[in-house]
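Asker: Pasting target.cif below, which is mmCIF, C-alpha atoms.
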data_structure
loop_
_atom_site.label_atom_id
_atom_site.label_comp_id
_atom_site.auth_asym_id
_atom_site.auth_seq_id
_atom_site.Cartn_x
_atom_site.Cartn_y
_atom_site.Cartn_z
CA MET A 20 61.21 101.28 64.76
CA THR A 21 60.61 97.60 63.93
CA ALA A 22 57.36 96.41 62.39
CA ALA A 23 55.96 94.53 65.40
CA LEU A 24 56.28 97.30 67.98
CA PRO A 25 53.43 99.57 66.80
CA SER A 26 51.13 96.53 66.52
CA VAL A 27 50.89 95.98 70.29
CA ARG A 28 49.97 98.14 73.25
CA PHE A 29 52.56 99.13 75.85
CA SER A 30 51.62 99.66 79.48
CA ILE A 31 53.34 100.05 82.86
CA LEU A 32 53.15 98.18 86.17
CA ASP A 33 54.71 100.04 89.09
CA ARG A 34 55.32 98.13 92.32
CA SER A 35 56.17 101.25 94.36
CA ARG A 36 59.67 99.98 95.14
CA VAL A 37 61.47 101.63 98.04
CA ARG A 38 65.11 102.73 97.78
CA ARG A 39 67.47 102.86 100.74
CA GLY A 40 67.02 106.13 102.57
CA GLN A 41 63.52 106.62 101.14
CA SER A 42 60.28 106.45 103.13
CA HIS A 43 57.30 104.35 102.09
CA PRO A 44 55.09 107.46 101.76
CA ALA A 45 57.66 109.03 99.40
CA ALA A 46 57.65 105.89 97.24
CA LEU A 47 53.86 106.06 96.95
CA ARG A 48 53.98 109.71 95.91
CA GLU A 49 56.54 108.74 93.25
CA THR A 50 54.08 106.16 91.91
CA VAL A 51 51.38 108.78 91.48
CA GLU A 52 53.80 111.11 89.67
CA PHE A 53 54.92 108.18 87.51
CA ALA A 54 51.29 107.62 86.46
CA ARG A 55 51.07 111.23 85.30
CA LEU A 56 54.26 110.84 83.24
CA ALA A 57 53.08 107.52 81.78
CA GLU A 58 49.99 109.28 80.48
CA GLU A 59 52.10 112.13 79.07
CA TRP A 60 54.29 109.61 77.24
CA GLY A 61 51.34 107.76 75.70
CA TYR A 62 51.24 104.44 77.58
CA HIS A 63 47.94 102.56 77.45
CA ARG A 64 47.59 101.49 81.10
CA PHE A 65 49.21 102.17 84.45
CA TRP A 66 48.81 99.46 87.10
CA VAL A 67 49.81 99.20 90.75
CA SER A 68 50.38 96.12 92.90
CA GLU A 69 49.58 94.61 96.31
CA HIS A 70 52.22 93.63 98.88
CA HIS A 71 51.95 93.42 102.66
CA SER A 72 54.68 93.96 105.29
CA VAL A 73 57.43 94.12 102.66
CA PRO A 74 60.28 96.53 103.49
CA GLY A 75 61.10 97.16 99.86
CA VAL A 76 57.57 97.64 98.46
CA ALA A 77 55.25 100.44 99.56
CA GLY A 78 52.08 99.46 97.68
CA SER A 79 49.84 97.67 100.18
CA ALA A 80 46.39 99.04 99.22
CA PRO A 81 46.16 98.91 95.40
CA THR A 82 42.62 100.21 94.98
CA VAL A 83 43.42 103.23 97.16
CA LEU A 84 46.63 103.89 95.23
CA ALA A 85 44.79 103.39 91.93
CA ALA A 86 42.32 106.08 92.98
CA ALA A 87 45.18 108.51 93.59
CA ALA A 88 46.73 107.68 90.21
CA ALA A 89 43.39 108.09 88.45
CA SER A 90 42.88 111.45 90.15
CA ALA A 91 46.27 112.65 88.90
CA THR A 92 45.53 111.65 85.27
CA SER A 93 42.72 112.10 82.78
CA ARG A 94 43.09 109.60 79.88
CA ILE A 95 45.32 106.63 80.71
CA ARG A 96 43.65 103.45 81.99
CA ILE A 97 44.37 102.77 85.68
CA GLY A 98 44.24 99.39 87.38
CA THR A 99 45.78 96.75 89.57
CA GLY A 100 48.35 94.12 88.79
CA GLY A 101 46.84 92.92 90.89
CA VAL A 102 44.50 92.72 93.84
CA MET A 103 45.27 89.37 95.49
CA LEU A 104 41.79 87.92 95.81
CA PRO A 105 42.57 85.30 98.53
CA ASN A 106 43.38 88.23 100.87
CA HIS A 107 39.94 89.84 100.49
CA GLN A 108 36.21 89.19 100.50
CA PRO A 109 34.84 89.20 96.92
CA LEU A 110 32.01 91.58 97.89
CA VAL A 111 34.50 94.20 99.11
CA VAL A 112 36.65 93.83 95.99
CA ALA A 113 33.64 94.35 93.74
CA GLU A 114 32.48 97.35 95.77
CA GLN A 115 35.91 98.98 95.62
CA PHE A 116 36.23 98.62 91.86
CA GLY A 117 32.64 99.76 91.48
CA VAL A 118 33.53 102.96 93.33
CA LEU A 119 36.62 103.45 91.16
CA GLU A 120 34.66 102.95 87.94
CA SER A 121 31.91 105.29 89.16
CA LEU A 122 34.44 108.06 89.86
CA TYR A 123 36.63 107.47 86.77
CA PRO A 124 34.27 105.92 84.20
CA GLY A 125 35.79 104.00 81.31
CA ARG A 126 39.33 104.07 82.72
CA ILE A 127 39.49 101.33 85.38
CA ASP A 128 40.95 97.81 85.03
CA MET A 129 40.50 95.02 87.59
CA GLY A 130 43.60 92.83 87.61
CA LEU A 131 43.21 89.90 90.02
CA GLY A 132 45.82 87.45 91.35
CA ARG A 133 45.90 84.29 93.44
CA SER A 134 48.89 84.94 95.72
CA VAL A 135 48.58 85.01 99.50
CA GLY A 136 50.67 86.76 102.16
CA PHE A 137 54.42 86.08 102.01
CA THR A 138 54.78 84.79 105.60
CA ASP A 139 52.62 83.02 108.19
CA GLY A 140 52.53 86.22 110.25
CA VAL A 141 51.26 88.30 107.35
CA ARG A 142 48.62 85.71 106.49
CA ARG A 143 47.41 85.65 110.11
CA ALA A 144 47.26 89.46 110.17
CA LEU A 145 45.17 89.41 106.98
CA GLY A 146 42.88 86.77 108.43
CA HIS A 147 43.63 84.32 105.62
CA ASP A 148 45.91 81.37 104.97
CA LYS A 149 47.27 79.33 102.06
CA ALA A 150 44.05 77.32 101.85
CA ASP A 151 42.18 80.43 100.72
CA ALA A 152 44.04 80.26 97.42
CA ASP A 153 42.39 76.88 96.81
CA ASP A 154 39.01 78.64 96.70
CA PHE A 155 40.15 81.12 94.07
CA ASP A 156 37.68 79.95 91.42
CA ASP A 157 34.74 80.52 93.77
CA GLY A 158 36.07 83.93 94.77
CA LEU A 159 36.61 84.98 91.18
CA ALA A 160 33.15 83.80 90.16
CA ALA A 161 31.70 85.76 93.08
CA VAL A 162 33.41 89.00 92.06
CA LEU A 163 32.15 88.64 88.49
CA ASP A 164 28.63 87.80 89.73
CA TYR A 165 28.56 90.95 91.84
CA PHE A 166 29.22 93.03 88.75
CA ALA A 167 26.61 91.16 86.72
CA HIS A 168 23.58 90.66 88.97
CA GLY A 169 24.53 90.16 92.60
CA ARG A 170 24.97 86.90 94.47
CA HIS A 171 22.60 85.10 96.86
CA GLY A 172 20.52 88.24 97.19
CA VAL A 173 23.51 90.46 98.03
CA HIS A 174 24.29 93.43 95.77
CA ALA A 175 27.69 95.13 95.51
CA TRP A 176 26.52 98.66 94.86
CA PRO A 177 27.74 100.61 92.93
CA ALA A 178 29.47 97.80 91.00
CA GLU A 179 26.37 96.01 89.78
CA GLY A 180 25.71 96.79 86.14
CA LEU A 181 29.07 98.47 85.57
CA ARG A 182 31.56 97.12 83.07
CA VAL A 183 35.06 96.93 84.56
CA PRO A 184 37.47 94.81 82.46
CA ALA A 185 38.82 91.91 84.53
CA PHE A 186 42.31 90.46 83.96
CA LEU A 187 43.76 87.32 85.48
CA LEU A 188 47.40 87.14 86.58
CA ALA A 189 48.82 83.73 85.69
CA THR A 190 50.35 81.70 88.49
CA GLY A 191 50.24 77.92 88.56
CA SER A 192 47.13 76.91 86.60
CA GLY A 193 46.29 80.55 85.88
CA ALA A 194 46.40 80.18 82.09
CA GLU A 195 43.77 77.45 82.07
CA ARG A 196 41.65 79.41 84.56
CA ALA A 197 41.76 82.55 82.42
CA ALA A 198 40.69 80.48 79.41
CA ARG A 199 37.82 78.89 81.34
CA PHE A 200 36.49 82.24 82.60
CA GLY A 201 37.04 83.94 79.23
CA LEU A 202 39.35 86.56 80.75
CA PRO A 203 42.45 88.32 79.42
CA LEU A 204 45.65 86.62 80.58
CA VAL A 205 48.54 88.49 82.22
CA VAL A 206 51.63 86.29 82.19
CA ALA A 207 55.35 86.65 82.95
CA ALA A 208 58.40 84.49 82.30
CA VAL A 209 58.77 83.56 85.98
CA ALA A 210 59.86 80.03 85.07
CA GLY A 211 61.49 81.02 81.78
CA ASN A 212 60.25 81.99 78.33
CA ASP A 213 59.59 78.41 77.22
CA ARG A 214 57.17 77.78 80.09
CA MET A 215 55.49 81.13 79.48
CA VAL A 216 54.96 80.37 75.79
CA GLN A 217 53.50 76.97 76.68
CA ALA A 218 51.05 78.63 79.08
CA ILE A 219 50.00 81.12 76.40
CA GLU A 220 49.45 78.30 73.89
CA ARG A 221 47.27 76.41 76.39
CA TYR A 222 45.30 79.57 77.10
CA ARG A 223 44.56 80.21 73.43
CA ALA A 224 43.71 76.57 72.75
CA GLU A 225 41.32 76.28 75.70
CA PHE A 226 39.76 79.76 75.63
CA ARG A 227 35.99 79.86 75.64
CA GLU A 228 33.82 82.90 75.12
CA THR A 229 31.96 84.25 78.15
CA ALA A 230 30.28 87.49 79.10
CA TRP A 231 33.72 88.71 80.16
CA GLY A 232 35.58 88.05 76.93
CA SER A 233 34.89 87.01 73.35
CA ALA A 234 38.48 86.21 72.28
CA PRO A 235 41.87 85.50 73.88
CA TYR A 236 43.89 88.54 74.93
CA VAL A 237 47.49 88.12 76.13
CA VAL A 238 49.40 90.65 78.20
CA VAL A 239 53.07 89.70 78.59
CA SER A 240 54.64 91.30 81.64
CA GLY A 241 58.39 91.80 81.91
CA THR A 242 61.33 94.06 82.55
CA VAL A 243 62.40 96.43 79.76
CA LEU A 244 65.22 98.88 80.32
CA ILE A 245 66.95 101.18 77.82
CA ALA A 246 70.34 102.79 78.49
CA ASP A 247 73.29 104.02 76.45
CA SER A 248 74.91 100.56 76.55
CA ALA A 249 73.98 97.00 77.42
CA GLU A 250 76.41 97.02 80.33
CA GLU A 251 74.94 100.20 81.78
CA ALA A 252 71.44 98.74 81.46
CA ARG A 253 72.52 95.49 83.12
CA ARG A 254 74.09 97.42 85.98
CA MET A 255 70.89 99.43 86.47
CA LEU A 256 68.94 96.17 86.83
CA LEU A 257 71.32 94.71 89.40
CA PRO A 258 69.61 96.19 92.51
CA GLU A 259 66.28 94.53 91.71
CA ALA A 260 67.95 91.23 90.80
CA TRP A 261 69.94 91.26 94.06
CA SER A 262 66.81 92.14 96.04
CA SER A 263 64.98 89.19 94.49
CA ALA A 264 67.88 86.84 95.28
CA TYR A 265 68.01 88.15 98.85
CA SER A 266 64.31 87.45 99.33
CA ARG A 267 64.81 83.84 98.27
CA THR A 268 67.71 83.32 100.67
CA HIS A 269 66.53 85.41 103.64
CA GLY A 270 62.72 85.37 103.36
CA GLU A 271 62.38 89.17 103.13
CA PHE A 272 62.26 91.51 100.16
CA PRO A 273 64.65 94.38 101.03
CA VAL A 274 64.87 97.98 99.85
CA LEU A 275 66.86 98.71 96.69
CA LEU A 276 70.58 99.40 97.15
CA PRO A 277 73.00 101.25 94.83
CA PRO A 278 74.57 98.93 92.22
CA GLU A 279 78.12 99.81 93.25
CA GLU A 280 77.41 98.58 96.77
CA ILE A 281 76.06 95.28 95.49
CA GLU A 282 79.03 94.81 93.14
CA SER A 283 81.48 95.16 96.04
CA ALA A 284 79.53 92.99 98.49
CA PRO A 285 80.44 89.32 99.03
CA MET A 286 77.91 86.81 97.67
CA THR A 287 77.63 83.07 98.01
CA GLU A 288 77.64 80.93 94.89
CA ARG A 289 73.91 80.36 95.32
CA GLU A 290 73.24 84.10 95.60
CA ARG A 291 75.21 84.76 92.41
CA ARG A 292 73.24 82.06 90.62
CA LEU A 293 69.93 83.52 91.82
CA VAL A 294 70.95 87.01 90.67
CA ALA A 295 71.82 85.61 87.23
CA GLU A 296 68.51 83.72 87.07
CA SER A 297 66.60 86.86 88.00
CA MET A 298 68.16 88.75 85.07
CA ARG A 299 67.93 85.87 82.58
CA ASP A 300 64.84 86.92 80.60
CA GLN A 301 64.99 90.67 81.17
CA ILE A 302 65.10 92.88 78.10
CA HIS A 303 67.76 95.55 78.38
CA GLY A 304 70.31 97.42 76.30
CA THR A 305 70.38 100.21 73.75
CA GLU A 306 67.32 101.22 71.72
CA ASP A 307 68.34 98.92 68.87
CA GLU A 308 69.00 95.97 71.18
CA VAL A 309 65.73 96.44 73.04
CA ALA A 310 63.78 96.81 69.80
CA GLU A 311 65.18 93.52 68.49
CA ALA A 312 64.45 91.72 71.76
CA LEU A 313 60.90 93.06 71.90
CA GLU A 314 60.34 92.03 68.28
CA ARG A 315 61.43 88.47 69.13
CA LEU A 316 59.23 88.37 72.23
CA ILE A 317 56.15 89.66 70.40
CA THR A 318 56.69 87.30 67.48
CA ARG A 319 57.15 84.28 69.75
CA THR A 320 54.25 84.99 72.12
CA GLY A 321 51.81 86.78 69.83
CA ALA A 322 51.30 89.23 72.69
CA ASP A 323 48.54 91.77 72.35
CA GLU A 324 50.16 93.98 74.97
CA ILE A 325 53.45 94.38 76.85
CA LEU A 326 53.18 95.34 80.52
CA VAL A 327 56.54 96.81 81.55
CA HIS A 328 57.64 96.49 85.17
CA THR A 329 61.13 97.83 85.74
CA SER A 330 62.78 98.66 89.06
CA THR A 331 66.09 100.47 89.54
CA PHE A 332 67.85 102.33 92.32
CA ASP A 333 68.29 105.35 90.07
CA ARG A 334 64.79 106.78 89.71
CA ALA A 335 65.76 109.36 87.08
CA ALA A 336 67.38 106.68 84.92
CA ARG A 337 64.28 104.49 85.17
CA LEU A 338 62.00 107.33 84.10
CA GLU A 339 64.32 108.15 81.21
CA SER A 340 64.22 104.49 80.14
CA HIS A 341 60.42 104.55 80.00
CA ARG A 342 60.47 107.81 78.06
CA ARG A 343 62.94 106.32 75.56
CA LEU A 344 60.78 103.20 75.25
CA ALA A 345 57.73 105.37 74.52
CA ARG A 346 59.67 107.09 71.76
CA LEU A 347 61.01 103.78 70.41
CA THR A 348 57.55 102.23 70.20
CA GLY A 349 55.91 105.28 68.65
CA LEU A 350 53.85 106.21 71.72
CA LEU A 351 55.21 109.72 72.19
CA PRO A 352 54.08 111.11 68.80
CA ALA A 353 50.59 109.70 69.40
CA ALA A 354 50.50 111.24 72.87
CA ALA A 355 51.52 114.62 71.44
CA ARG A 356 48.71 114.43 68.87
CA ARG A 357 46.14 113.66 71.57
CA ALA A 358 47.33 116.59 73.67
CA ALA A 359 47.18 119.03 70.73
#
What would the structure in this file look like if it were written as structure tokens?
Answerer:
Amino acid sequence: MTAALPSVRFSILDRSRVRRGQSHPAALRETVEFARLAEEWGYHRFWVSEHHSVPGVAGSAPTVLAAAAASATSRIRIGTGGVMLPNHQPLVVAEQFGVLESLYPGRIDMGLGRSVGFTDGVRRALGHDKADADDFDDGLAAVLDYFAHGRHGVHAWPAEGLRVPAFLLATGSGAERAARFGLPLVVAAVAGNDRMVQAIERYRAEFRETAWGSAPYVVVSGTVLIADSAEEARRMLLPEAWSSAYSRTHGEFPVLLPPEEIESAPMTERERRLVAESMRDQIHGTEDEVAEALERLITRTGADEILVHTSTFDRAARLESHRRLARLTGLLPAAARRAA
């Protein structure tokens, strides 16, 4: 184990990805079982996500799914990565997290994002549009007010007075916003590692203390996959990379396909380039290769926490990868001591 790995927390984000031949309900039940295993292996948090009308993603109601995951576990922190605030009224968001914290005290995280529905049809069905994202600051302030003291005479019982850690997912100007609100920053290398590091540096430089945070806290989110060889790991990541490329060329995020089917399928030059871009900053390989890559990432970003989100067609292989990562980072021995 390298020196940097035990110095940071490791957590999991599960997007409830759907494989070909699998139902959406089955994918959600897998997510709940995954939360139980994540706790057994010693991970710090387990988060779920929000997507609407996406064939390849089952998680559409993150607070409901978080409640199921919390019910199936007893120690691990449970949260959202995240609830997309422009899709919801701030009062309802505060109430839902207040209920979660009331039922599972001291274990709930409130991860909030700025994204809106993927298509015009989805946005109309949600009753929101792209302009709602422009009011994100007001919506975020409203949610935080409801937890503190209410807003304009309205009280979000049972949230008011409860302490639910809030996290901000970085998109666009998200780093500066997290700094301004004094919130922990959740950031990914969507536009490459250089841009991510720049965002983290801006966040730390501009951070100001508020009631919601006294110091910067950086959660770096990314893919981490361990296999017996780098080639095997790369092949396991191919279904998610292809699915991402497909969404950018067809406007729809499909279910995961077996890697051998993708390898034999014809692709345009643009599709091949998009697949390569999707895999560019993913950490994968053997234990030694992954340890070295994580050490470089932690050293370069100064991350306080790594939030692992990894999708594969082979569910058993993905679970084994997370178990191996827990062992590599020293989580498993700690989990065994807690269970003793």
Asker: Could you check which of A:Ile95, A:Ala336, A:Leu351, A:Met215 is closest to Met255 in chain A, using all atoms listed in the file?
Answerer: A:Ala336
Asker: Work out how far apart CA of Val243 in chain A and CA of Met103 in chain A are and give it in Å to one decimal.
Answerer: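 According to the coordinates, CA of Val243 in chain A and CA of Met103 in chain A are separated by 24.3 Å.
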Asker: Between CA of His328 in chain A and CA of Ala249 in chain A, what is the distance, to one decimal in Å?
Answerer: 18.1 Å
Asker: On this structure, which residues satisfy the PyMOL selection byres ((chain A and resi 67) around 6), written as a PyMOL selection string?
Answerer: chain A and resi 32-34+66+68+81+99-100
Asker: Write out the residues from the selection above, keeping C-alpha atoms, as a PDB file, keeping the file's coordinate frame.
Answerer:
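again.pdb was written with the following content:
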ATOM      1  CA  LEU A  32      53.150  98.180  86.170  1.00  0.00           C
ATOM      2  CA  ASP A  33      54.710 100.040  89.090  1.00  0.00           C
ATOM      3  CA  ARG A  34      55.320  98.130  92.320  1.00  0.00           C
ATOM      4  CA  TRP A  66      48.810  99.460  87.100  1.00  0.00           C
ATOM      5  CA  SER A  68      50.380  96.120  92.900  1.00  0.00           C
ATOM      6  CA  PRO A  81      46.160  98.910  95.400  1.00  0.00           C
ATOM      7  CA  THR A  99      45.780  96.750  89.570  1.00  0.00           C
ATOM      8  CA  GLY A 100      48.350  94.120  88.790  1.00  0.00           C
TER       9      GLY A 100
END
Asker: Using only C-alpha atoms, which protein or nucleic acid residues come within 10 Å of Met298 in chain A? Drop anything in the same chain fewer than 4 positions from it, and give the result as a PyMOL selection string.
Answerer: chain A and resi 242+253+256-257+259-261+263+293-294+302-303
Asker: On this structure, the PyMOL selection byres ((chain A and resi 220) around 12) would catch which residues? List them as a PyMOL selection string, sorted by chain and number.
Answerer: chain A and resi 194-195+198+204+206+213-219+221-226+235-237+319-322
Asker: I need the residue set behind the PyMOL selection byres ((chain A and resi 306) around 10) for this file; please write it as a CSV table (one decimal) with C-alpha atoms, in the frame of the given file.
Answerer:
chain,number,residue,atom,x,y,z
A,20,MET,CA,61.2,101.3,64.8
A,244,LEU,CA,65.2,98.9,80.3
A,245,ILE,CA,67.0,101.2,77.8
A,246,ALA,CA,70.3,102.8,78.5
A,247,ASP,CA,73.3,104.0,76.4
A,248,SER,CA,74.9,100.6,76.6
A,249,ALA,CA,74.0,97.0,77.4
A,303,HIS,CA,67.8,95.6,78.4
A,304,GLY,CA,70.3,97.4,76.3
A,305,THR,CA,70.4,100.2,73.8
A,307,ASP,CA,68.3,98.9,68.9
A,308,GLU,CA,69.0,96.0,71.2
A,309,VAL,CA,65.7,96.4,73.0
A,310,ALA,CA,63.8,96.8,69.8
A,311,GLU,CA,65.2,93.5,68.5
A,312,ALA,CA,64.4,91.7,71.8
A,340,SER,CA,64.2,104.5,80.1
A,343,ARG,CA,62.9,106.3,75.6
A,344,LEU,CA,60.8,103.2,75.2
A,346,ARG,CA,59.7,107.1,71.8
A,347,LEU,CA,61.0,103.8,70.4
A,348,THR,CA,57.6,102.2,70.2
Asker: Might you pull out every residue within 10 Å of Gly101 in chain A, with all atoms listed in the file counted and same-chain residues fewer than 4 positions away left off, and present them as a ChimeraX atom specification?
Answerer: /A:32,66-70,81-82,128-134,186-188,205
Asker: Looking at A:Pro124, A:Gly211, A:Val239, A:Val76, which one is nearest to Arg39 in chain A, with distances taken over all atoms listed in the file?
Answerer: A:Val76
Asker: Let me make sure I understand: among A:Asp157, A:Glu114, A:Glu58, A:Glu228, which one has the smallest atom-to-atom distance to Ile97 in chain A if we use all atoms listed in the file?
Answerer: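 Ranked by minimum distance to Ile97 in chain A, first place goes to A:Glu58.
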Asker: Please report the interatomic distance between CA of Arg334 in chain A and CA of Glu251 in chain A in Å with one decimal.
Answerer: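 Computing it gives 14.5 Å between the two atoms.
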Asker: Show which residues sit within 10 Å of Val83 in chain A, as a VMD selection string. Count all atoms listed in the file, and ignore same-chain residues fewer than 4 positions away.
Answerer: chain A and resid 67 78 to 79 87 to 89 115 119
Asker: Could you pull out every residue with an atom within 8 Å of (27.0, 97.7, 93.4), file coordinates, counting all atoms listed in the file, and send them as a compact mmCIF listing (two decimals) with C-alpha atoms, in the coordinates of the input?
Answerer:
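Full text of out21.txt as output:
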# COMPACT_ATOMS: atom_id res chain seq x y z
CA ALA A 113 33.64 94.35 93.74
CA GLU A 114 32.48 97.35 95.77
CA GLY A 117 32.64 99.76 91.48
CA TYR A 165 28.56 90.95 91.84
CA PHE A 166 29.22 93.03 88.75
CA GLY A 169 24.53 90.16 92.60
CA HIS A 174 24.29 93.43 95.77
CA ALA A 175 27.69 95.13 95.51
CA TRP A 176 26.52 98.66 94.86
CA PRO A 177 27.74 100.61 92.93
CA ALA A 178 29.47 97.80 91.00
CA GLU A 179 26.37 96.01 89.78
CA GLY A 180 25.71 96.79 86.14
Asker: May I ask which of the residues A:Ala345, A:Ala210, A:Leu24, A:Ala57 is the closest one to Glu324 in chain A, counting all atoms listed in the file?
Answerer: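 Closest residue, counting all atoms listed in the file: A:Leu24.
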Asker: Between A:Gln41, A:Ser30, A:Thr138, A:Thr268, single out the one closest to Val73 in chain A, counting all atoms listed in the file.
Answerer: A:Thr138
Asker: When distances are computed from all atoms listed in the file, which of A:Thr318, A:Asn212, A:Ser266, A:Ser233 shows the smallest separation from Arg299 in chain A?
Answerer: A:Asn212
Asker: So which residues fall inside 8 Å of (44.2, 88.2, 103.9) if we count only C-alpha atoms? Mind giving them as a PyMOL selection string?
Answerer: chain A and resi 105-107+135-136+141-148
Asker: Can you tell me which residues surround Val274 in chain A at a distance of at most 7 Å, considering only C-alpha atoms, apart from same-chain residues fewer than 3 positions away, and format the answer as a PyMOL selection string?
Answerer: chain A and resi 37-39+74-75
Asker: Would you output that residue set with C-alpha atoms, as a PDB file, in the frame of the given file?
Answerer:
ATOM      1  CA  VAL A  37      61.470 101.630  98.040  1.00  0.00           C
ATOM      2  CA  ARG A  38      65.110 102.730  97.780  1.00  0.00           C
ATOM      3  CA  ARG A  39      67.470 102.860 100.740  1.00  0.00           C
ATOM      4  CA  PRO A  74      60.280  96.530 103.490  1.00  0.00           C
ATOM      5  CA  GLY A  75      61.100  97.160  99.860  1.00  0.00           C
TER       6      GLY A  75
END
Asker: Output range 116-128 of chain A with N, CA, C and O atoms present, as an mmCIF file, in the frame of the given file.
Answerer:
data_model
loop_
_atom_site.group_PDB
_atom_site.id
_atom_site.type_symbol
_atom_site.label_atom_id
_atom_site.label_comp_id
_atom_site.auth_asym_id
_atom_site.auth_seq_id
_atom_site.Cartn_x
_atom_site.Cartn_y
_atom_site.Cartn_z
ATOM 1 N N PHE A 116 36.083 98.329 93.291
ATOM 2 C CA PHE A 116 36.230 98.620 91.860
ATOM 3 C C PHE A 116 34.988 99.314 91.306
ATOM 4 O O PHE A 116 35.087 100.102 90.364
ATOM 5 N N GLY A 117 33.825 99.042 91.885
ATOM 6 C CA GLY A 117 32.640 99.760 91.480
ATOM 7 C C GLY A 117 32.742 101.242 91.800
ATOM 8 O O GLY A 117 32.330 102.100 91.005
ATOM 9 N N VAL A 118 33.315 101.557 92.963
ATOM 10 C CA VAL A 118 33.530 102.960 93.330
ATOM 11 C C VAL A 118 34.517 103.600 92.365
ATOM 12 O O VAL A 118 34.296 104.721 91.872
ATOM 13 N N LEU A 119 35.622 102.913 92.076
ATOM 14 C CA LEU A 119 36.620 103.450 91.160
ATOM 15 C C LEU A 119 36.004 103.733 89.784
ATOM 16 O O LEU A 119 36.212 104.807 89.197
ATOM 17 N N GLU A 120 35.254 102.775 89.259
ATOM 18 C CA GLU A 120 34.660 102.950 87.940
ATOM 19 C C GLU A 120 33.606 104.065 87.948
ATOM 20 O O GLU A 120 33.453 104.790 86.963
ATOM 21 N N SER A 121 32.909 104.225 89.058
ATOM 22 C CA SER A 121 31.910 105.290 89.160
ATOM 23 C C SER A 121 32.576 106.666 89.136
ATOM 24 O O SER A 121 32.043 107.617 88.552
ATOM 25 N N LEU A 122 33.742 106.785 89.780
ATOM 26 C CA LEU A 122 34.440 108.060 89.860
ATOM 27 C C LEU A 122 35.260 108.362 88.608
ATOM 28 O O LEU A 122 35.430 109.537 88.246
ATOM 29 N N TYR A 123 35.771 107.298 87.953
ATOM 30 C CA TYR A 123 36.630 107.470 86.770
ATOM 31 C C TYR A 123 36.114 106.557 85.651
ATOM 32 O O TYR A 123 36.767 105.591 85.269
ATOM 33 N N PRO A 124 34.918 106.838 85.138
ATOM 34 C CA PRO A 124 34.270 105.920 84.200
ATOM 35 C C PRO A 124 35.068 105.679 82.929
ATOM 36 O O PRO A 124 35.650 106.599 82.352
ATOM 37 N N GLY A 125 35.122 104.388 82.548
ATOM 38 C CA GLY A 125 35.790 104.000 81.310
ATOM 39 C C GLY A 125 37.292 103.934 81.398
ATOM 40 O O GLY A 125 37.959 103.741 80.376
ATOM 41 N N ARG A 126 37.875 104.042 82.602
ATOM 42 C CA ARG A 126 39.330 104.070 82.720
ATOM 43 C C ARG A 126 39.885 103.032 83.691
ATOM 44 O O ARG A 126 41.097 102.970 83.890
ATOM 45 N N ILE A 127 39.045 102.207 84.301
ATOM 46 C CA ILE A 127 39.490 101.330 85.380
ATOM 47 C C ILE A 127 39.609 99.883 84.914
ATOM 48 O O ILE A 127 38.721 99.359 84.238
ATOM 49 N N ASP A 128 40.719 99.236 85.287
ATOM 50 C CA ASP A 128 40.950 97.810 85.030
ATOM 51 C C ASP A 128 41.002 97.073 86.365
ATOM 52 O O ASP A 128 41.555 97.583 87.350
#
